[in-house]
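Step one of this worksheet: look at the structure below.
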Amino acid sequence: MKRFIIEFGLGMDFHGQDVNKAAQKAVKDAVSRSCLCGLHEILELDLNRDVFINVTVAVSRPDEVDASAVAACLPIGRVTVKAVSGGMNVPGLYLTQFGDRDDSIEAAMAVIEVGIK
């Protein structure tokens, strides 16, 4: 695979301390700054068959990441997701009516590598 683009994203779950929500927001943040029209219009690639996407999400509890839910945030390509230890957990507000388990904010970082063969 030859990498075509690398993009970074940041996502937070302010209430609920859910690493999946934070990871999904980080992936959506990265995707929101990318348009891969050249893959289709210039290279004439099949965006589902010929495009490979490697996603790495860094969160405080990587064992809780649902890779298929994170992959579902990407509309094209053959997607692989790897969760690693990282991200950030900082004090926020503890409001039970929002589903909080404690007063922390879960922050995630995502790196998306789009490649072609």
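For the structure tokens, the naming scheme is as follows: chains receive sequential letters (A, B, ...) according to their order of presentation, residues are indexed from 1 within each chain, and ligands are indexed from 1 in presentation order.
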Exercise for review: Please provide the set of residues having any atom within 8 Å of Asp13 (chain A), restricted to only C-alpha atoms, with same-chain residues fewer than 3 positions apart removed, written as a list in words.
Suggested key: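 Final neighbour list, sorted by chain and number: Gly16, Gln17, Asp18, Val19, Lys21, Ala22, Ile105, Glu106 and Ala107 of chain A.
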Review point. Could you name the residues that touch Gly77 (chain A) at 10 Å or less, counting only C-alpha atoms, but leaving out those on the same chain fewer than 6 positions away, as number ranges by chain?
Key: A: 46-54, 71, 114-116
Using only N, CA and C atoms, please write the residues we just selected to a file, as a short mmCIF file (atom, residue, chain, number, x, y, z; two decimals), in the first residue's frame.
```cif
data_model
loop_
_atom_site.label_atom_id
_atom_site.label_comp_id
_atom_site.auth_asym_id
_atom_site.auth_seq_id
_atom_site.Cartn_x
_atom_site.Cartn_y
_atom_site.Cartn_z
N ASP A 46 -11.89 2.46 -7.84
CA ASP A 46 -13.12 2.05 -7.19
C ASP A 46 -12.90 2.34 -5.71
N LEU A 47 -13.66 3.27 -5.15
CA LEU A 47 -13.41 3.74 -3.79
C LEU A 47 -13.64 2.68 -2.72
N ASN A 48 -14.38 1.65 -3.02
CA ASN A 48 -14.58 0.58 -2.04
C ASN A 48 -13.61 -0.57 -2.21
N ARG A 49 -13.15 -0.79 -3.42
CA ARG A 49 -12.25 -1.92 -3.69
C ARG A 49 -10.78 -1.53 -3.61
N ASP A 50 -10.43 -0.35 -4.12
CA ASP A 50 -9.03 0.03 -4.31
C ASP A 50 -8.45 0.94 -3.23
N VAL A 51 -9.27 1.40 -2.31
CA VAL A 51 -8.84 2.33 -1.27
C VAL A 51 -8.76 1.58 0.07
N PHE A 52 -7.63 1.75 0.74
CA PHE A 52 -7.38 1.10 2.03
C PHE A 52 -7.22 2.17 3.09
N ILE A 53 -7.91 2.00 4.20
CA ILE A 53 -7.87 3.01 5.26
C ILE A 53 -7.46 2.34 6.56
N ASN A 54 -6.36 2.83 7.11
CA ASN A 54 -5.89 2.37 8.42
C ASN A 54 -6.18 3.48 9.42
N ALA A 71 -15.05 1.96 12.52
CA ALA A 71 -14.93 1.78 11.06
C ALA A 71 -16.17 2.27 10.33
N VAL A 114 -4.91 6.96 4.44
CA VAL A 114 -5.62 6.48 3.26
C VAL A 114 -4.57 6.06 2.26
N GLY A 115 -4.69 4.84 1.79
CA GLY A 115 -3.71 4.31 0.85
C GLY A 115 -4.35 3.66 -0.35
N ILE A 116 -3.53 3.47 -1.37
CA ILE A 116 -3.94 2.77 -2.58
C ILE A 116 -2.87 1.76 -2.93
#
```
Practice item. Could you give me, as an MDAnalysis selection string, each residue of region 15-117 of chain A that DSSP assigns to helix (DSSP H, G or I) when run on this structure's backbone? Key: chainID A and resid 19:31 37:41 62:64 67:71 96:98
Keeping only N, CA and C atoms, write those residues as a PDB file, in the first residue's frame.
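Okay, this is what ended up in part28.pdb:
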```
ATOM      1  N   VAL A  19     -15.284   5.897  25.554  1.00  0.00           N
ATOM      2  CA  VAL A  19     -14.147   5.973  24.631  1.00  0.00           C
ATOM      3  C   VAL A  19     -14.592   5.787  23.189  1.00  0.00           C
ATOM      4  N   ASN A  20     -15.663   5.034  22.958  1.00  0.00           N
ATOM      5  CA  ASN A  20     -16.145   4.843  21.590  1.00  0.00           C
ATOM      6  C   ASN A  20     -16.703   6.126  21.001  1.00  0.00           C
ATOM      7  N   LYS A  21     -17.488   6.852  21.771  1.00  0.00           N
ATOM      8  CA  LYS A  21     -18.021   8.124  21.282  1.00  0.00           C
ATOM      9  C   LYS A  21     -16.884   9.092  20.986  1.00  0.00           C
ATOM     10  N   ALA A  22     -15.894   9.152  21.867  1.00  0.00           N
ATOM     11  CA  ALA A  22     -14.754  10.043  21.654  1.00  0.00           C
ATOM     12  C   ALA A  22     -13.975   9.622  20.402  1.00  0.00           C
ATOM     13  N   ALA A  23     -13.745   8.319  20.230  1.00  0.00           N
ATOM     14  CA  ALA A  23     -13.012   7.817  19.064  1.00  0.00           C
ATOM     15  C   ALA A  23     -13.772   8.086  17.776  1.00  0.00           C
ATOM     16  N   GLN A  24     -15.077   7.871  17.770  1.00  0.00           N
ATOM     17  CA  GLN A  24     -15.882   8.126  16.581  1.00  0.00           C
ATOM     18  C   GLN A  24     -15.871   9.613  16.217  1.00  0.00           C
ATOM     19  N   LYS A  25     -15.957  10.475  17.224  1.00  0.00           N
ATOM     20  CA  LYS A  25     -15.897  11.915  16.956  1.00  0.00           C
ATOM     21  C   LYS A  25     -14.527  12.312  16.396  1.00  0.00           C
ATOM     22  N   ALA A  26     -13.467  11.684  16.885  1.00  0.00           N
ATOM     23  CA  ALA A  26     -12.123  11.976  16.382  1.00  0.00           C
ATOM     24  C   ALA A  26     -11.993  11.567  14.915  1.00  0.00           C
ATOM     25  N   VAL A  27     -12.535  10.417  14.557  1.00  0.00           N
ATOM     26  CA  VAL A  27     -12.494   9.960  13.163  1.00  0.00           C
ATOM     27  C   VAL A  27     -13.320  10.900  12.289  1.00  0.00           C
ATOM     28  N   LYS A  28     -14.504  11.265  12.729  1.00  0.00           N
ATOM     29  CA  LYS A  28     -15.348  12.179  11.955  1.00  0.00           C
ATOM     30  C   LYS A  28     -14.680  13.545  11.803  1.00  0.00           C
ATOM     31  N   ASP A  29     -13.959  13.982  12.831  1.00  0.00           N
ATOM     32  CA  ASP A  29     -13.227  15.252  12.757  1.00  0.00           C
ATOM     33  C   ASP A  29     -12.163  15.185  11.666  1.00  0.00           C
ATOM     34  N   ALA A  30     -11.418  14.102  11.624  1.00  0.00           N
ATOM     35  CA  ALA A  30     -10.382  13.939  10.593  1.00  0.00           C
ATOM     36  C   ALA A  30     -10.997  13.889   9.203  1.00  0.00           C
ATOM     37  N   VAL A  31     -12.059  13.131   9.049  1.00  0.00           N
ATOM     38  CA  VAL A  31     -12.719  12.990   7.744  1.00  0.00           C
ATOM     39  C   VAL A  31     -13.300  14.326   7.279  1.00  0.00           C
ATOM     40  N   CYS A  37     -11.470  13.347  -3.777  1.00  0.00           N
ATOM     41  CA  CYS A  37     -12.053  13.285  -5.118  1.00  0.00           C
ATOM     42  C   CYS A  37     -11.038  12.848  -6.175  1.00  0.00           C
ATOM     43  N   GLY A  38      -9.756  13.154  -5.975  1.00  0.00           N
ATOM     44  CA  GLY A  38      -8.736  12.770  -6.942  1.00  0.00           C
ATOM     45  C   GLY A  38      -8.595  11.267  -7.100  1.00  0.00           C
ATOM     46  N   LEU A  39      -8.900  10.521  -6.039  1.00  0.00           N
ATOM     47  CA  LEU A  39      -8.821   9.065  -6.136  1.00  0.00           C
ATOM     48  C   LEU A  39      -9.801   8.531  -7.175  1.00  0.00           C
ATOM     49  N   HIS A  40     -10.957   9.150  -7.243  1.00  0.00           N
ATOM     50  CA  HIS A  40     -11.979   8.700  -8.183  1.00  0.00           C
ATOM     51  C   HIS A  40     -11.874   9.430  -9.522  1.00  0.00           C
ATOM     52  N   GLU A  41     -11.766  10.754  -9.485  1.00  0.00           N
ATOM     53  CA  GLU A  41     -11.817  11.550 -10.703  1.00  0.00           C
ATOM     54  C   GLU A  41     -10.532  11.483 -11.531  1.00  0.00           C
ATOM     55  N   PRO A  62      -8.129   1.541  25.622  1.00  0.00           N
ATOM     56  CA  PRO A  62      -8.231   0.989  24.266  1.00  0.00           C
ATOM     57  C   PRO A  62      -8.958  -0.355  24.188  1.00  0.00           C
ATOM     58  N   ASP A  63      -8.962  -1.124  25.258  1.00  0.00           N
ATOM     59  CA  ASP A  63      -9.642  -2.420  25.239  1.00  0.00           C
ATOM     60  C   ASP A  63     -11.157  -2.283  25.131  1.00  0.00           C
ATOM     61  N   GLU A  64     -11.701  -1.081  25.360  1.00  0.00           N
ATOM     62  CA  GLU A  64     -13.140  -0.849  25.269  1.00  0.00           C
ATOM     63  C   GLU A  64     -13.589  -0.367  23.895  1.00  0.00           C
ATOM     64  N   ALA A  67     -14.152  -1.631  17.344  1.00  0.00           N
ATOM     65  CA  ALA A  67     -13.526  -1.326  16.054  1.00  0.00           C
ATOM     66  C   ALA A  67     -14.553  -1.216  14.932  1.00  0.00           C
ATOM     67  N   SER A  68     -15.578  -2.039  14.945  1.00  0.00           N
ATOM     68  CA  SER A  68     -16.572  -1.981  13.875  1.00  0.00           C
ATOM     69  C   SER A  68     -17.382  -0.688  13.929  1.00  0.00           C
ATOM     70  N   ALA A  69     -17.656  -0.182  15.125  1.00  0.00           N
ATOM     71  CA  ALA A  69     -18.383   1.086  15.259  1.00  0.00           C
ATOM     72  C   ALA A  69     -17.522   2.254  14.773  1.00  0.00           C
ATOM     73  N   VAL A  70     -16.236   2.207  15.047  1.00  0.00           N
ATOM     74  CA  VAL A  70     -15.330   3.252  14.566  1.00  0.00           C
ATOM     75  C   VAL A  70     -15.200   3.166  13.044  1.00  0.00           C
ATOM     76  N   ALA A  71     -15.052   1.963  12.516  1.00  0.00           N
ATOM     77  CA  ALA A  71     -14.933   1.776  11.060  1.00  0.00           C
ATOM     78  C   ALA A  71     -16.173   2.272  10.332  1.00  0.00           C
ATOM     79  N   THR A  96     -25.474  13.608  36.602  1.00  0.00           N
ATOM     80  CA  THR A  96     -26.089  12.290  36.402  1.00  0.00           C
ATOM     81  C   THR A  96     -27.159  12.316  35.320  1.00  0.00           C
ATOM     82  N   GLN A  97     -27.825  13.450  35.128  1.00  0.00           N
ATOM     83  CA  GLN A  97     -28.874  13.523  34.115  1.00  0.00           C
ATOM     84  C   GLN A  97     -28.319  13.388  32.695  1.00  0.00           C
ATOM     85  N   PHE A  98     -26.989  13.521  32.522  1.00  0.00           N
ATOM     86  CA  PHE A  98     -26.346  13.309  31.224  1.00  0.00           C
ATOM     87  C   PHE A  98     -25.694  11.933  31.120  1.00  0.00           C
TER      88      PHE A  98
END
```
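Computed from the coordinates, the CA of Leu10 (chain A) to CA of Pro75 (chain A) distance equals 18.5 Å.
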Point to revise | strand (DSSP E or B) call set, DSSP backbone run, region 14-79 of chain A, as a count of residues only | key: 11
Point to revise | Pick from A:Ala83, A:Cys35, A:Leu95, A:Val65, whichever lies nearest to Phe14 (chain A) using only C-alpha atoms | key: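 Of A:Ala83, A:Cys35, A:Leu95, A:Val65, the one nearest Phe14 (chain A) is A:Leu95, counting only C-alpha atoms.
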Exercise for review: Find, counting only C-alpha atoms, the residue in A:Ser104, A:Ser34, A:Asn89, A:Ser60 that gets nearest to Leu74 (chain A).
Suggested key: A:Ser34
Practice item. Could you jot down the CA of Phe4 (chain A) to CA of Lys82 (chain A) separation for me, Å, one decimal place? Key: 19.0 Å
Practice item. Just give me the gap between CA of Ile5 (chain A) and CA of Gly87 (chain A) in Å, one decimal is fine. Key: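 Value for the CA of Ile5 (chain A)-CA of Gly87 (chain A) distance: 22.1 Å.
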**Study point:** Who sits within 7 Å of Phe8 (chain A), only C-alpha atoms, same chain under 3 positions skipped, as a PyMOL selection string
**Key:** chain A and resi 30+110-112
